[in-house]
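structure.txt follows (compact mmCIF, C-alpha atoms):
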```
# COMPACT_ATOMS: atom_id res chain seq x y z
CA MET J 22 38.93 -9.11 -75.09
CA ALA J 23 39.37 -12.86 -75.44
CA ASP J 24 38.09 -14.69 -78.48
CA ALA J 25 34.46 -15.78 -78.43
CA LEU J 26 33.61 -19.11 -76.78
CA LYS J 27 32.24 -21.34 -79.53
CA VAL J 28 29.43 -23.63 -78.39
CA GLY J 29 27.90 -26.67 -80.09
CA ILE J 30 24.54 -27.96 -78.85
CA ALA J 31 23.28 -31.53 -79.31
CA GLY J 32 19.55 -31.64 -78.66
CA LEU J 33 17.06 -28.86 -79.36
CA GLY J 34 14.11 -29.93 -77.27
CA THR J 35 12.54 -27.77 -74.59
CA VAL J 36 15.83 -27.14 -72.78
CA GLY J 37 17.97 -26.80 -75.89
CA ALA J 38 15.58 -24.32 -77.52
CA SER J 39 15.42 -22.28 -74.29
CA LEU J 40 19.22 -22.22 -74.11
CA VAL J 41 19.57 -20.97 -77.69
CA ARG J 42 16.95 -18.29 -77.10
CA ILE J 43 18.59 -17.03 -73.90
CA ILE J 44 22.10 -16.91 -75.37
CA GLN J 45 20.88 -15.09 -78.50
CA THR J 46 18.71 -12.54 -76.70
CA ARG J 47 21.22 -11.80 -73.91
CA ALA J 48 24.41 -11.87 -75.92
CA ASN J 49 25.58 -8.42 -74.82
CA GLU J 50 25.01 -9.03 -71.12
CA LEU J 51 26.80 -12.39 -71.31
CA THR J 52 29.79 -10.81 -73.04
CA VAL J 53 30.13 -8.24 -70.26
CA THR J 54 29.63 -10.79 -67.49
CA CYS J 55 31.96 -13.44 -68.90
CA GLY J 56 34.60 -11.18 -70.41
CA ARG J 57 34.11 -12.78 -73.80
CA ALA J 58 31.26 -13.48 -76.21
CA ILE J 59 29.40 -16.79 -76.17
CA GLU J 60 28.45 -17.89 -79.67
CA ILE J 61 26.44 -20.92 -80.75
CA THR J 62 28.22 -22.12 -83.88
CA ALA J 63 26.93 -25.70 -84.31
CA VAL J 64 23.77 -27.63 -83.50
CA THR J 65 22.17 -31.01 -84.10
CA ALA J 66 18.79 -32.57 -83.38
CA ARG J 67 16.53 -35.29 -84.72
CA ASP J 68 14.49 -33.04 -87.01
CA ARG J 69 16.20 -30.18 -88.83
CA ASN J 70 12.95 -28.64 -90.09
CA ARG J 71 10.94 -28.56 -86.89
CA ASP J 72 9.73 -25.11 -85.80
CA ARG J 73 11.25 -24.49 -82.38
CA GLY J 74 10.59 -20.76 -82.21
CA ILE J 75 14.31 -19.96 -82.52
CA ASP J 76 16.53 -18.81 -85.38
CA ILE J 77 19.25 -21.33 -86.22
CA SER J 78 19.61 -20.33 -89.85
CA GLY J 79 23.13 -18.97 -89.38
CA ILE J 80 24.34 -21.91 -87.31
CA THR J 81 26.14 -24.92 -88.82
CA TRP J 82 23.95 -28.03 -88.74
CA PHE J 83 25.38 -31.50 -88.14
CA ASP J 84 23.38 -34.63 -88.92
CA THR J 85 24.52 -36.54 -85.83
CA PRO J 86 25.77 -35.67 -82.33
CA GLU J 87 28.83 -37.83 -82.89
CA LYS J 88 29.84 -35.82 -85.97
CA LEU J 89 29.28 -32.54 -84.16
CA ALA J 90 31.45 -33.69 -81.25
CA ALA J 91 34.20 -35.01 -83.50
CA GLU J 92 34.31 -32.40 -86.27
CA ALA J 93 32.74 -29.07 -85.27
CA ASP J 94 34.93 -26.02 -84.72
CA ILE J 95 33.80 -25.50 -81.11
CA ASP J 96 35.21 -25.06 -77.61
CA VAL J 97 32.25 -26.49 -75.68
CA PHE J 98 30.00 -29.46 -76.48
CA VAL J 99 26.58 -29.20 -74.80
CA GLU J 100 24.71 -32.51 -74.54
CA LEU J 101 20.94 -32.13 -74.01
CA MET J 102 19.68 -35.36 -75.57
CA GLY J 103 19.40 -37.60 -72.53
CA GLY J 104 19.92 -41.33 -72.23
CA ALA J 105 22.67 -43.50 -70.81
CA GLU J 106 23.43 -45.36 -74.03
CA GLY J 107 23.98 -44.57 -77.70
CA ALA J 108 24.48 -41.05 -79.01
CA ALA J 109 24.81 -39.29 -75.65
CA PRO J 110 27.77 -41.22 -74.19
CA ASN J 111 29.40 -41.70 -77.59
CA SER J 112 29.36 -38.00 -78.43
CA VAL J 113 30.42 -36.89 -74.95
CA ARG J 114 33.39 -39.30 -75.03
CA ALA J 115 34.34 -38.02 -78.49
CA ALA J 116 34.20 -34.40 -77.34
CA LEU J 117 36.23 -34.99 -74.19
CA THR J 118 38.80 -37.05 -76.08
CA ARG J 119 39.32 -34.02 -78.36
CA GLY J 120 39.92 -31.92 -75.25
CA LEU J 121 36.64 -30.06 -75.63
CA HIS J 122 34.81 -28.86 -72.54
CA VAL J 123 31.44 -30.56 -72.01
CA VAL J 124 28.22 -29.40 -70.35
CA THR J 125 25.41 -31.89 -69.84
CA ALA J 126 22.05 -32.13 -68.07
CA ASN J 127 22.02 -35.92 -68.37
CA LYS J 128 21.79 -37.57 -64.94
CA ALA J 129 21.34 -41.06 -66.42
CA LEU J 130 24.60 -40.70 -68.33
CA LEU J 131 26.47 -39.50 -65.25
CA ALA J 132 24.98 -42.21 -63.03
CA SER J 133 26.16 -44.92 -65.44
CA SER J 134 29.39 -43.47 -66.87
CA GLY J 135 30.28 -40.46 -64.72
CA VAL J 136 33.54 -41.81 -63.29
CA GLU J 137 34.81 -42.89 -66.71
CA LEU J 138 33.94 -39.52 -68.26
CA ALA J 139 35.54 -37.68 -65.33
CA ARG J 140 38.79 -39.60 -65.92
CA ILE J 141 38.85 -38.65 -69.59
CA ALA J 142 38.10 -34.99 -68.81
CA GLU J 143 40.83 -34.79 -66.18
CA GLU J 144 43.38 -36.52 -68.43
CA LYS J 145 42.62 -34.07 -71.26
CA GLY J 146 42.45 -30.97 -69.04
CA ALA J 147 38.81 -30.41 -70.02
CA LEU J 148 35.90 -29.30 -67.89
CA LEU J 149 32.84 -31.51 -67.49
CA ASN J 150 30.02 -29.48 -65.92
CA PHE J 151 26.58 -30.85 -65.04
CA GLU J 152 24.74 -28.48 -62.71
CA ALA J 153 21.45 -29.05 -64.56
CA ALA J 154 21.59 -32.83 -64.03
CA VAL J 155 20.37 -32.59 -60.42
CA ALA J 156 17.51 -30.44 -59.13
CA GLY J 157 17.24 -28.20 -62.20
CA GLY J 158 17.95 -24.60 -61.32
CA ILE J 159 19.22 -25.29 -57.76
CA PRO J 160 23.04 -24.88 -57.65
CA VAL J 161 23.63 -27.95 -55.50
CA ILE J 162 26.46 -29.34 -57.66
CA LYS J 163 28.49 -26.17 -57.33
CA ALA J 164 27.80 -26.11 -53.59
CA LEU J 165 29.11 -29.63 -53.05
CA ARG J 166 31.93 -29.44 -55.59
CA GLU J 167 33.26 -26.01 -54.68
CA SER J 168 31.51 -24.00 -51.98
CA LEU J 169 31.67 -26.65 -49.23
CA THR J 170 35.35 -27.48 -49.68
CA GLY J 171 36.79 -28.24 -46.24
CA ASN J 172 33.45 -29.38 -44.83
CA THR J 173 32.84 -33.00 -43.94
CA VAL J 174 29.35 -33.83 -45.18
CA SER J 175 27.37 -36.33 -43.11
CA ARG J 176 24.06 -36.41 -44.98
CA VAL J 177 22.44 -35.19 -48.20
CA TYR J 178 18.71 -35.55 -48.77
CA GLY J 179 15.82 -33.90 -50.50
CA ILE J 180 12.92 -33.74 -52.91
CA MET J 181 14.50 -34.26 -56.32
CA ASN J 182 11.62 -35.16 -58.62
CA GLY J 183 8.99 -32.58 -59.50
CA THR J 184 6.56 -35.11 -60.98
CA CYS J 185 6.28 -37.08 -57.74
CA ASN J 186 6.10 -33.96 -55.61
CA TYR J 187 3.33 -32.55 -57.80
CA ILE J 188 1.29 -35.76 -57.52
CA LEU J 189 1.66 -36.03 -53.73
CA THR J 190 0.79 -32.34 -53.32
CA ARG J 191 -2.39 -32.63 -55.41
CA MET J 192 -3.44 -35.80 -53.56
CA GLU J 193 -3.18 -34.03 -50.23
CA LYS J 194 -4.62 -30.64 -51.11
CA GLU J 195 -7.47 -31.81 -53.33
CA GLY J 196 -8.19 -35.31 -52.06
CA LEU J 197 -7.59 -36.87 -55.48
CA SER J 198 -6.43 -40.42 -56.12
CA PHE J 199 -2.93 -41.23 -57.30
CA ALA J 200 -4.26 -42.22 -60.73
CA ASP J 201 -6.18 -38.95 -61.18
CA CYS J 202 -3.18 -36.84 -60.15
CA LEU J 203 -0.91 -38.75 -62.52
CA LYS J 204 -3.27 -38.11 -65.44
CA GLU J 205 -3.31 -34.40 -64.62
CA ALA J 206 0.49 -34.34 -64.38
CA GLN J 207 0.69 -35.92 -67.82
CA ARG J 208 -1.82 -33.43 -69.24
CA LEU J 209 0.27 -30.52 -67.95
CA GLY J 210 3.53 -31.97 -69.22
CA TYR J 211 4.95 -32.68 -65.75
CA ALA J 212 4.89 -36.44 -66.37
CA GLU J 213 5.86 -38.44 -69.43
CA ALA J 214 3.44 -40.66 -71.33
CA ASP J 215 5.35 -43.53 -69.66
CA PRO J 216 5.89 -42.11 -66.17
CA ALA J 217 7.55 -45.17 -64.65
CA PHE J 218 11.06 -43.67 -64.50
CA ASP J 219 9.76 -40.83 -62.31
CA ILE J 220 7.09 -42.43 -60.14
CA GLU J 221 9.08 -45.58 -59.39
CA GLY J 222 11.95 -43.48 -58.04
CA ASN J 223 14.62 -44.13 -60.69
CA ASP J 224 15.04 -40.47 -61.62
CA THR J 225 15.61 -39.53 -57.98
CA ALA J 226 18.02 -42.46 -57.59
CA HIS J 227 20.23 -41.27 -60.44
CA LYS J 228 20.39 -37.78 -58.96
CA LEU J 229 21.08 -39.14 -55.48
CA ALA J 230 23.94 -41.31 -56.77
CA ILE J 231 25.63 -38.22 -58.23
CA LEU J 232 25.21 -36.23 -55.00
CA THR J 233 26.55 -39.16 -52.98
CA THR J 234 29.78 -39.19 -54.95
CA LEU J 235 30.21 -35.42 -54.60
CA ALA J 236 29.42 -35.50 -50.89
CA PHE J 237 31.47 -38.52 -49.81
CA GLY J 238 34.18 -38.99 -52.46
CA THR J 239 33.10 -42.49 -53.46
CA GLU J 240 32.61 -44.01 -56.89
CA ILE J 241 29.11 -43.59 -58.31
CA ALA J 242 26.90 -46.50 -57.26
CA ALA J 243 23.43 -46.00 -58.72
CA ASP J 244 22.70 -49.74 -58.43
CA GLU J 245 23.32 -49.75 -54.67
CA ILE J 246 20.29 -47.67 -53.72
CA TYR J 247 17.30 -48.95 -51.76
CA LEU J 248 14.49 -47.93 -54.10
CA GLU J 249 10.77 -47.49 -53.60
CA GLY J 250 8.47 -45.23 -55.61
CA ILE J 251 5.12 -43.62 -54.86
CA THR J 252 2.78 -45.90 -56.82
CA ASN J 253 1.52 -47.57 -53.63
CA ILE J 254 0.69 -44.34 -51.80
CA SER J 255 -3.07 -44.12 -51.32
CA ILE J 256 -5.31 -41.24 -50.35
CA GLU J 257 -5.81 -43.14 -47.09
CA ASP J 258 -2.07 -42.84 -46.37
CA ILE J 259 -2.20 -39.12 -47.16
CA HIS J 260 -5.09 -38.59 -44.73
CA ALA J 261 -3.52 -40.72 -41.99
CA ALA J 262 -0.27 -38.77 -42.30
CA ALA J 263 -2.15 -35.48 -41.98
CA ASP J 264 -3.98 -36.74 -38.86
CA LEU J 265 -0.60 -37.57 -37.31
CA GLY J 266 0.90 -34.18 -38.20
CA TYR J 267 2.92 -35.27 -41.24
CA ARG J 268 3.06 -34.85 -45.00
CA ILE J 269 4.32 -37.50 -47.42
CA LYS J 270 7.23 -36.65 -49.72
CA LEU J 271 9.42 -38.80 -51.96
CA LEU J 272 12.91 -38.26 -50.56
CA GLY J 273 16.33 -39.33 -51.70
CA VAL J 274 18.66 -39.74 -48.71
CA ALA J 275 22.40 -40.46 -48.61
CA GLN J 276 24.31 -40.56 -45.35
CA GLN J 277 27.70 -41.59 -44.00
CA THR J 278 27.61 -44.31 -41.35
CA ASP J 279 30.21 -46.34 -39.48
CA SER J 280 29.65 -49.26 -41.85
CA GLY J 281 29.64 -47.34 -45.14
CA ILE J 282 27.29 -45.19 -47.21
CA GLU J 283 23.53 -45.59 -46.98
CA GLN J 284 21.55 -44.52 -50.06
CA ARG J 285 17.77 -44.77 -50.20
CA VAL J 286 14.83 -43.39 -52.16
CA HIS J 287 11.34 -43.87 -50.76
CA PRO J 288 8.15 -42.10 -49.66
CA THR J 289 8.75 -40.43 -46.32
CA MET J 290 6.61 -38.74 -43.69
CA VAL J 291 8.01 -35.39 -42.59
CA PRO J 292 6.55 -33.14 -39.86
CA HIS J 293 3.95 -30.75 -41.23
CA ASP J 294 5.71 -27.74 -39.68
CA SER J 295 9.14 -28.55 -41.18
CA VAL J 296 10.41 -26.38 -44.03
CA ILE J 297 10.85 -29.30 -46.40
CA ALA J 298 7.20 -30.28 -45.88
CA GLN J 299 6.17 -26.92 -47.35
CA VAL J 300 7.91 -27.63 -50.68
CA ASP J 301 4.96 -28.24 -53.00
CA GLY J 302 4.22 -28.86 -56.66
CA VAL J 303 7.13 -29.31 -59.07
CA THR J 304 9.55 -27.46 -56.77
CA ASN J 305 12.68 -29.33 -55.58
CA ALA J 306 14.64 -29.01 -52.34
CA VAL J 307 18.06 -30.36 -51.35
CA ALA J 308 19.45 -30.32 -47.80
CA ILE J 309 23.11 -30.79 -46.89
CA GLU J 310 24.36 -31.46 -43.35
CA SER J 311 28.06 -30.80 -42.66
CA ASP J 312 30.37 -30.25 -39.72
CA ILE J 313 31.47 -26.64 -40.35
CA LEU J 314 28.53 -24.99 -42.08
CA GLY J 315 25.90 -27.04 -40.30
CA GLU J 316 22.64 -27.38 -42.22
CA LEU J 317 22.01 -25.90 -45.65
CA LEU J 318 18.69 -26.09 -47.51
CA MET J 319 18.31 -25.02 -51.13
CA VAL J 320 14.86 -24.75 -52.71
CA GLY J 321 13.92 -23.89 -56.28
CA PRO J 322 12.52 -25.03 -59.61
CA GLY J 323 13.63 -28.56 -60.32
CA ALA J 324 12.64 -28.86 -63.97
CA GLY J 325 11.34 -27.00 -66.99
CA GLY J 326 12.99 -25.48 -70.01
CA ASP J 327 14.04 -22.14 -68.57
CA ALA J 328 15.15 -23.45 -65.16
CA THR J 329 17.28 -26.20 -66.67
CA ALA J 330 18.62 -23.91 -69.40
CA SER J 331 19.62 -21.42 -66.71
CA ALA J 332 21.74 -24.08 -65.00
CA VAL J 333 23.28 -25.14 -68.33
CA LEU J 334 24.10 -21.53 -69.16
CA GLY J 335 25.71 -21.09 -65.75
CA ASP J 336 28.03 -23.99 -66.56
CA ILE J 337 28.87 -22.50 -69.95
CA ALA J 338 29.56 -19.11 -68.34
CA ASP J 339 31.95 -20.75 -65.85
CA ILE J 340 33.88 -22.19 -68.80
CA ALA J 341 33.91 -18.82 -70.55
CA LYS J 342 35.39 -17.22 -67.43
CA SER J 343 38.04 -19.92 -66.95
CA ARG J 344 41.52 -19.45 -68.35
CA PRO J 345 43.84 -21.98 -70.03
CA GLY J 346 46.28 -23.52 -67.61
CA ALA J 347 44.23 -22.62 -64.55
CA GLN J 348 43.75 -25.23 -61.83
CA ARG J 349 40.62 -27.29 -62.62
CA VAL J 350 38.09 -28.29 -59.98
CA PRO J 351 37.81 -32.10 -60.12
CA VAL J 352 34.73 -33.16 -62.07
CA LEU J 353 33.26 -35.14 -59.16
CA GLY J 354 34.71 -33.02 -56.36
CA THR J 355 37.48 -35.57 -55.81
CA PRO J 356 39.91 -36.53 -58.63
CA ALA J 357 38.49 -39.56 -60.43
CA ALA J 358 41.60 -41.63 -59.66
CA ALA J 359 41.23 -40.86 -55.93
CA LEU J 360 37.55 -41.81 -55.54
CA SER J 361 37.04 -44.52 -52.92
CA PRO J 362 35.29 -47.78 -53.81
CA TYR J 363 31.65 -47.59 -52.76
CA LYS J 364 30.83 -49.51 -49.60
CA ARG J 365 27.16 -50.07 -48.94
CA ALA J 366 26.19 -49.61 -45.30
CA ARG J 367 24.07 -51.87 -43.20
CA MET J 368 20.61 -50.35 -42.77
CA GLN J 369 20.85 -48.42 -39.53
CA SER J 370 18.44 -47.74 -36.69
CA HIS J 371 16.07 -45.15 -38.08
CA GLU J 372 15.71 -42.15 -35.80
CA GLY J 373 12.22 -41.17 -36.92
CA GLY J 374 10.55 -44.55 -36.70
CA TYR J 375 8.00 -46.02 -39.09
CA PHE J 376 4.36 -45.63 -40.06
CA ILE J 377 2.67 -49.00 -40.66
CA ARG J 378 -0.89 -49.29 -42.00
CA LEU J 379 -2.65 -52.64 -41.79
CA THR J 380 -6.11 -53.62 -43.01
CA VAL J 381 -7.39 -56.43 -40.81
CA ALA J 382 -10.52 -58.37 -39.98
CA ASP J 383 -12.36 -56.90 -36.99
CA ARG J 384 -12.15 -59.77 -34.55
CA THR J 385 -10.87 -60.58 -31.07
CA GLY J 386 -7.15 -61.08 -30.66
CA VAL J 387 -5.95 -59.07 -33.65
CA PHE J 388 -4.48 -56.25 -31.57
CA ALA J 389 -2.72 -58.73 -29.28
CA SER J 390 -1.25 -60.64 -32.21
CA ILE J 391 0.09 -57.49 -33.86
CA ALA J 392 1.61 -56.31 -30.58
CA ALA J 393 3.22 -59.72 -30.11
CA ARG J 394 4.82 -59.65 -33.58
CA MET J 395 6.23 -56.21 -32.81
CA ALA J 396 7.57 -57.31 -29.41
CA GLU J 397 9.22 -60.39 -30.95
CA ASN J 398 11.27 -58.04 -33.11
CA ALA J 399 12.07 -55.58 -30.29
CA ILE J 400 9.92 -52.84 -31.82
CA SER J 401 8.53 -50.24 -29.41
CA LEU J 402 5.28 -48.57 -30.46
CA GLU J 403 4.72 -44.84 -30.06
CA SER J 404 1.03 -45.12 -30.95
CA ILE J 405 -1.55 -47.57 -32.26
CA VAL J 406 -4.88 -46.42 -33.70
CA GLN J 407 -7.81 -48.39 -35.08
CA ARG J 408 -10.42 -46.95 -37.41
CA ALA J 409 -13.15 -48.32 -39.63
CA LYS J 410 -12.14 -48.68 -43.26
CA PRO J 411 -14.35 -46.07 -45.01
CA ASP J 412 -14.81 -47.92 -48.29
CA SER J 413 -15.30 -51.36 -46.78
CA GLU J 414 -18.68 -53.08 -46.80
CA ASP J 415 -17.60 -55.77 -44.33
CA THR J 416 -16.05 -55.60 -40.88
CA ALA J 417 -12.52 -54.74 -42.02
CA LYS J 418 -10.64 -52.21 -39.92
CA THR J 419 -7.54 -50.11 -40.52
CA ILE J 420 -4.86 -50.23 -37.85
CA ILE J 421 -2.16 -47.58 -37.92
CA LEU J 422 1.06 -48.09 -35.99
CA VAL J 423 3.80 -45.54 -35.37
CA THR J 424 7.03 -47.01 -34.04
CA HIS J 425 9.90 -45.57 -32.06
CA ALA J 426 13.42 -45.81 -33.50
CA THR J 427 14.10 -49.28 -34.88
CA THR J 428 15.81 -51.00 -37.77
CA GLU J 429 14.55 -51.62 -41.28
CA ASP J 430 15.25 -55.32 -40.83
CA SER J 431 13.14 -55.52 -37.66
CA VAL J 432 10.18 -53.77 -39.27
CA ARG J 433 10.29 -55.98 -42.35
CA LYS J 434 10.47 -59.15 -40.24
CA ALA J 435 7.52 -58.05 -38.10
CA VAL J 436 5.43 -57.13 -41.14
CA ASP J 437 6.28 -60.44 -42.85
CA ALA J 438 5.14 -62.29 -39.73
CA ILE J 439 1.85 -60.34 -39.70
CA LYS J 440 1.34 -61.13 -43.41
CA ARG J 441 1.31 -64.81 -42.51
CA GLU J 442 -1.63 -64.30 -40.14
CA SER J 443 -5.16 -65.10 -41.32
CA TYR J 444 -6.65 -61.79 -40.18
CA LEU J 445 -4.73 -59.57 -42.63
CA ALA J 446 -6.66 -58.24 -45.65
CA GLY J 447 -4.57 -56.50 -48.29
CA GLU J 448 -0.90 -55.55 -48.49
CA PRO J 449 0.57 -53.69 -45.49
CA GLN J 450 1.89 -50.17 -46.05
CA VAL J 451 5.23 -49.18 -44.48
CA ILE J 452 6.53 -45.60 -44.68
CA ARG J 453 9.59 -44.18 -42.94
CA ILE J 454 9.25 -41.10 -40.76
CA GLU J 455 11.97 -38.42 -40.94
CA ARG J 456 12.34 -35.61 -38.46
CA PRO J 457 14.84 -33.19 -40.04
CA LYS J 458 17.27 -31.63 -37.58
CA ALA J 459 16.78 -28.08 -38.77
CA PHE J 460 14.23 -28.10 -41.54
```
Translate this structure into structure tokens?
Amino acid sequence: MADALKVGIAGLGTVGASLVRIIQTRANELTVTCGRAIEITAVTARDRNRDRGIDISGITWFDTPEKLAAEADIDVFVELMGGAEGAAPNSVRAALTRGLHVVTANKALLASSGVELARIAEEKGALLNFEAAVAGGIPVIKALRESLTGNTVSRVYGIMNGTCNYILTRMEKEGLSFADCLKEAQRLGYAEADPAFDIEGNDTAHKLAILTTLAFGTEIAADEIYLEGITNISIEDIHAAADLGYRIKLLGVAQQTDSGIEQRVHPTMVPHDSVIAQVDGVTNAVAIESDILGELLMVGPGAGGDATASAVLGDIADIAKSRPGAQRVPVLGTPAAALSPYKRARMQSHEGGYFIRLTVADRTGVFASIAARMAENAISLESIVQRAKPDSEDTAKTIILVTHATTEDSVRKAVDAIKRESYLAGEPQVIRIERPKAF
């Protein structure tokens, strides 16, 4: 039997502690499955004396991740600290430069430095695995990097942030406000004390940027994503969506167009009877559309210690099973040197149309003015509904428009024109509508 695979872990938080526990308690099964033992021989974390419910007494402790990466007698460096700057990138670079294999769950690091790190790994003949960086326990990285070889992918989209999905689910099912659902998410540990990174869509954007590169062979372009979070979604939007037969989800969408790659993260209305609409709570879902396979949807736990640790362990097991000199799968699906420059697409005609909610004064001529602004921008309306605003003490009304297929630019111009009218009260709400082909 081959020598044991020596693993060093930087970061012993929820995921790191779960990983240590699983490897220690399932050592025999892993040895049989991988053909060699997996041994944790070095660790580092911020606090050496913290009780994590695991036994690390026989494992060499390093005071910093950089020292562990540069000096430890290991085969694999596992980075579970997070962050795009400082210790995480420094230690990962040091490990790869030594020719060590690296496993990380750090989507921010990959979104900012993934191409650079891929180049180093490929030059050194090292593996850089990151299944846990996107959608937790869902094996979407392996699917795009290996299983769909030969397919031409046209679109990747999905629910990639459990915090946002939990909040939107609770708002719909229990009629709670966004603020109340956020507080509950924080109490349960689904949201951070500062939840901005999740609820403003940045977390989903980082994950989408990684999937875009794997799907389309372009350089990572996390700064080229149209970004909109869920902070402006009201219970009124949730109810209006339900009345129209939709549910609201925060989706990340990347698709190939004639003019380039379109990447966007925003709240989206999806048909209530679609599969992706049934993905509730902290669960994630990723859909891939390709020419040979067709449509693939993967659903599973998107976060949490055990789910993420499972994905990290899968990456470690792949390394344990690999053999020196074997052909390496490119880190980002395409060799780093062969990645195409990212070309941002023009925003295309949107097949599903748009939901537009306006709060207006209840007076003669409002409907006609709104219709005129839409017509001026060549927007065809599928439906227009007026209802009294339930919490209004004056004569304000809510008007809900659903458009046929049109462009983002046309909708924004029409809404901007309406905002200049004297009858508008409050900020308009605009939400895209998606009608998945198969889900």
| task | Calculate how many Å separate atom CA of J:Asn111 from atom CA of J:Asp96, rounding to one decimal. | result |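 Separation between atom CA of J:Asn111 and atom CA of J:Asp96: 17.6 Å.
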| message | Applying 7 Å and only C-alpha atoms, which residues near J:Gly196 remain after dropping the ones on its own chain fewer than 3 positions away? List them as a ChimeraX atom specification. | response | /J:192-193,256
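Using only C-alpha atoms, the residues found no farther than 10 Å from J:Ser443, other than those of its own chain fewer than 2 positions away, are Val381, Ala382, Val387, Ile439, Lys440, Arg441, Leu445 and Ala446 of chain J.
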What box, with edges along x, y and z, holds each listed atom of stretch 272-283 of chain J when 4 Å is added on every side, and can you state its centre and edge lengths in Å to one decimal, as lines of an AutoDock Vina configuration file?
```
center_x = 21.6
center_y = -43.8
center_z = -45.6
size_x = 25.3
size_y = 19.0
size_z = 20.2
```
| said: Set the distance at 9 Å and use all atoms listed in the file: which residues neighbour J:Ala357 once local chain neighbours fewer than 4 positions away are removed? I'd like the list as JSON, numbers by chain. | reply: {"J": [136, 137, 139, 140, 143, 240, 351, 352, 353]}
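The closest residue to J:Gly171, picked from J:Ile30, J:Leu314, J:Leu248, J:Ala417 and counting all atoms listed in the file, is J:Leu314.
With distances restricted to all atoms listed in the file, J:Gly29 is the closest residue to J:Glu92 from J:Lys128, J:Val123, J:Gly29, J:Thr234.
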Since fewer atoms than expected are present, regenerate N, CA and C atoms for stretch 301-314 of chain J and write them as a PDB file, keeping the file's coordinate frame.
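Saved to selection10.pdb:
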```
ATOM      1  N   ASP J 301       6.100 -27.658 -52.288  1.00  0.00           N
ATOM      2  CA  ASP J 301       4.960 -28.240 -53.000  1.00  0.00           C
ATOM      3  C   ASP J 301       5.151 -28.209 -54.515  1.00  0.00           C
ATOM      4  N   GLY J 302       4.253 -28.891 -55.205  1.00  0.00           N
ATOM      5  CA  GLY J 302       4.220 -28.860 -56.660  1.00  0.00           C
ATOM      6  C   GLY J 302       5.490 -29.420 -57.272  1.00  0.00           C
ATOM      7  N   VAL J 303       5.947 -28.796 -58.362  1.00  0.00           N
ATOM      8  CA  VAL J 303       7.130 -29.310 -59.070  1.00  0.00           C
ATOM      9  C   VAL J 303       8.433 -28.751 -58.504  1.00  0.00           C
ATOM     10  N   THR J 304       8.355 -28.020 -57.399  1.00  0.00           N
ATOM     11  CA  THR J 304       9.550 -27.460 -56.770  1.00  0.00           C
ATOM     12  C   THR J 304      10.413 -28.568 -56.159  1.00  0.00           C
ATOM     13  N   ASN J 305      11.721 -28.408 -56.200  1.00  0.00           N
ATOM     14  CA  ASN J 305      12.680 -29.330 -55.580  1.00  0.00           C
ATOM     15  C   ASN J 305      13.317 -28.676 -54.364  1.00  0.00           C
ATOM     16  N   ALA J 306      13.895 -29.502 -53.506  1.00  0.00           N
ATOM     17  CA  ALA J 306      14.640 -29.010 -52.340  1.00  0.00           C
ATOM     18  C   ALA J 306      15.743 -30.002 -52.017  1.00  0.00           C
ATOM     19  N   VAL J 307      16.938 -29.494 -51.736  1.00  0.00           N
ATOM     20  CA  VAL J 307      18.060 -30.360 -51.350  1.00  0.00           C
ATOM     21  C   VAL J 307      18.678 -29.815 -50.075  1.00  0.00           C
ATOM     22  N   ALA J 308      18.845 -30.688 -49.086  1.00  0.00           N
ATOM     23  CA  ALA J 308      19.450 -30.320 -47.800  1.00  0.00           C
ATOM     24  C   ALA J 308      20.803 -31.002 -47.665  1.00  0.00           C
ATOM     25  N   ILE J 309      21.765 -30.261 -47.124  1.00  0.00           N
ATOM     26  CA  ILE J 309      23.110 -30.790 -46.890  1.00  0.00           C
ATOM     27  C   ILE J 309      23.470 -30.545 -45.432  1.00  0.00           C
ATOM     28  N   GLU J 310      23.923 -31.583 -44.735  1.00  0.00           N
ATOM     29  CA  GLU J 310      24.360 -31.460 -43.350  1.00  0.00           C
ATOM     30  C   GLU J 310      25.874 -31.675 -43.305  1.00  0.00           C
ATOM     31  N   SER J 311      26.597 -30.712 -42.719  1.00  0.00           N
ATOM     32  CA  SER J 311      28.060 -30.800 -42.660  1.00  0.00           C
ATOM     33  C   SER J 311      28.563 -30.284 -41.326  1.00  0.00           C
ATOM     34  N   ASP J 312      29.848 -30.556 -41.041  1.00  0.00           N
ATOM     35  CA  ASP J 312      30.370 -30.250 -39.720  1.00  0.00           C
ATOM     36  C   ASP J 312      30.683 -28.777 -39.501  1.00  0.00           C
ATOM     37  N   ILE J 313      31.102 -28.051 -40.533  1.00  0.00           N
ATOM     38  CA  ILE J 313      31.470 -26.640 -40.350  1.00  0.00           C
ATOM     39  C   ILE J 313      30.279 -25.723 -40.595  1.00  0.00           C
ATOM     40  N   LEU J 314      29.660 -25.865 -41.748  1.00  0.00           N
ATOM     41  CA  LEU J 314      28.530 -24.990 -42.080  1.00  0.00           C
ATOM     42  C   LEU J 314      27.288 -25.333 -41.285  1.00  0.00           C
TER      43      LEU J 314
END
```
